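Everything below concerns the one structure shown next.
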Amino acid sequence: MSYSTIRSRGALGLASAFLISAASGALAQSPPAPKPTPKEAQSAYEPRSGPGAGQKYLEKLAGDWDVVKTFYPKTGDPVKSNGRAHQAMINDGRFLQSDFTFDAPSGKTTGLGLIGWEPESGLFTSVWVDSRSTRMSLRRSETPFNGEEIVLYGRSLDEPAEGGAGSAANGARPRSRTQTHLEDGGRKLIHRQYVPDGDGKERLIMELLMTKK
């Protein structure tokens, strides 16, 4: 056997030993942690939340309804109009969507509402838009849900958070209030809206009497 052959075999042996050692070291190391999926990454930033007691109540408001709307002006007689509404739970039972249509002498108007309940705070938040104006109405409750009615106060994104049950406490501007509850075993839905009328008082300005079909 020649010297060159021996040297080649020796080099191959050293190379093989190095590869085996490197492979053994790689096997001994812990595998890298898997990268979070996009869904998990979003949950880490924005934790999931499921329906709760508020959604159980909203489920009772779902269905098709006949609606009688009464507007109470500051002076003069009340003005009534008839309408209909379809309400349904959406997004896996997390929100109630309301689609209204009213027929009046001045023409047909439509409205769209969305309301949800947050288990963390125990508060309802709603938004309303309609074909009468380009404004969006934002409302939120101020005390945890009592299981019997939904009470919301008007809010504005241009103003700081206000407190005091819609009063002018701490310099807060009085706001409108809505009150919604069921009657007659859930077959009637009563929705009333009140507005400030000076001296800390409020007056009824609008009422929806809804009867389930």
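Residue numbers start at 1 in each chain; chains themselves are named A, B, ... in the order of the structure tokens; ligands are numbered from 1 in the order shown.
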If we count only C-alpha atoms, what is near Gly111 in chain A at a cut-off of 6 Å, once residues fewer than 2 positions away on the same chain are taken out, given as a PyMOL selection string? chain A and resi 99-100+129-130
May I have the residues within 8 Å of Gly54 in chain A as a compact mmCIF listing (two decimals) with all heavy atoms, in the first residue's frame, using only C-alpha atoms and disregarding those fewer than 4 positions away in the same chain?
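And here is the file that came out, part35.txt:
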```txt
# COMPACT_ATOMS: atom_id res chain seq x y z
N LEU A 58 -79.72 39.55 24.07
CA LEU A 58 -79.87 40.03 22.70
C LEU A 58 -80.52 38.98 21.81
O LEU A 58 -81.25 39.32 20.87
CB LEU A 58 -78.50 40.43 22.12
CG LEU A 58 -77.83 41.66 22.74
CD1 LEU A 58 -76.43 41.85 22.14
CD2 LEU A 58 -78.68 42.91 22.55
N GLY A 116 -73.53 45.17 20.78
CA GLY A 116 -72.83 44.03 21.37
C GLY A 116 -72.59 44.26 22.85
O GLY A 116 -72.75 45.38 23.36
N TRP A 117 -72.23 43.21 23.55
CA TRP A 117 -71.98 43.25 24.99
C TRP A 117 -70.59 42.70 25.26
O TRP A 117 -70.21 41.67 24.71
CB TRP A 117 -73.03 42.43 25.72
CG TRP A 117 -72.91 42.46 27.23
CD1 TRP A 117 -73.30 43.46 28.06
CD2 TRP A 117 -72.40 41.42 28.07
NE1 TRP A 117 -73.06 43.12 29.37
CE2 TRP A 117 -72.51 41.87 29.40
CE3 TRP A 117 -71.87 40.15 27.82
CZ2 TRP A 117 -72.09 41.09 30.49
CZ3 TRP A 117 -71.45 39.39 28.89
CH2 TRP A 117 -71.57 39.85 30.21
N GLU A 118 -69.82 43.41 26.12
CA GLU A 118 -68.46 43.02 26.41
C GLU A 118 -68.39 42.34 27.78
O GLU A 118 -68.66 42.98 28.79
CB GLU A 118 -67.55 44.24 26.39
CG GLU A 118 -67.56 44.99 25.06
CD GLU A 118 -66.91 46.36 25.15
OE1 GLU A 118 -66.36 46.67 26.23
OE2 GLU A 118 -66.94 47.10 24.16
N PRO A 119 -68.05 41.04 27.83
CA PRO A 119 -68.00 40.34 29.11
C PRO A 119 -67.02 40.97 30.11
O PRO A 119 -67.25 40.94 31.32
CB PRO A 119 -67.56 38.92 28.72
CG PRO A 119 -67.93 38.77 27.29
CD PRO A 119 -67.78 40.14 26.69
N GLY A 122 -68.92 44.26 31.16
CA GLY A 122 -70.33 44.11 31.45
C GLY A 122 -71.19 45.20 30.81
O GLY A 122 -72.34 45.40 31.20
N PHE A 124 -72.81 47.36 27.31
CA PHE A 124 -73.25 47.30 25.92
C PHE A 124 -72.69 48.50 25.16
O PHE A 124 -72.54 49.60 25.71
CB PHE A 124 -74.78 47.36 25.82
CG PHE A 124 -75.49 46.11 26.25
CD1 PHE A 124 -75.97 45.97 27.54
CD2 PHE A 124 -75.68 45.07 25.35
CE1 PHE A 124 -76.63 44.83 27.94
CE2 PHE A 124 -76.35 43.91 25.73
CZ PHE A 124 -76.82 43.78 27.04
N PHE A 145 -74.81 45.30 33.03
CA PHE A 145 -76.13 44.81 32.66
C PHE A 145 -76.84 44.17 33.85
O PHE A 145 -76.27 43.33 34.55
CB PHE A 145 -75.96 43.79 31.53
CG PHE A 145 -77.23 43.17 31.03
CD1 PHE A 145 -78.34 43.95 30.76
CD2 PHE A 145 -77.30 41.80 30.81
CE1 PHE A 145 -79.51 43.38 30.28
CE2 PHE A 145 -78.46 41.22 30.33
CZ PHE A 145 -79.57 42.01 30.07
N GLY A 147 -79.67 42.41 33.58
CA GLY A 147 -80.42 41.25 33.14
C GLY A 147 -81.85 41.54 32.71
O GLY A 147 -82.54 40.64 32.22
```
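The two atoms in question, CA of Glu142 in chain A and CA of Tyr194 in chain A, are spaced 15.7 Å apart.
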For Ser81 in chain A: contacts at 8 Å, only C-alpha atoms, fewer than 4 positions along chain excluded, given as a count of residues only: 6
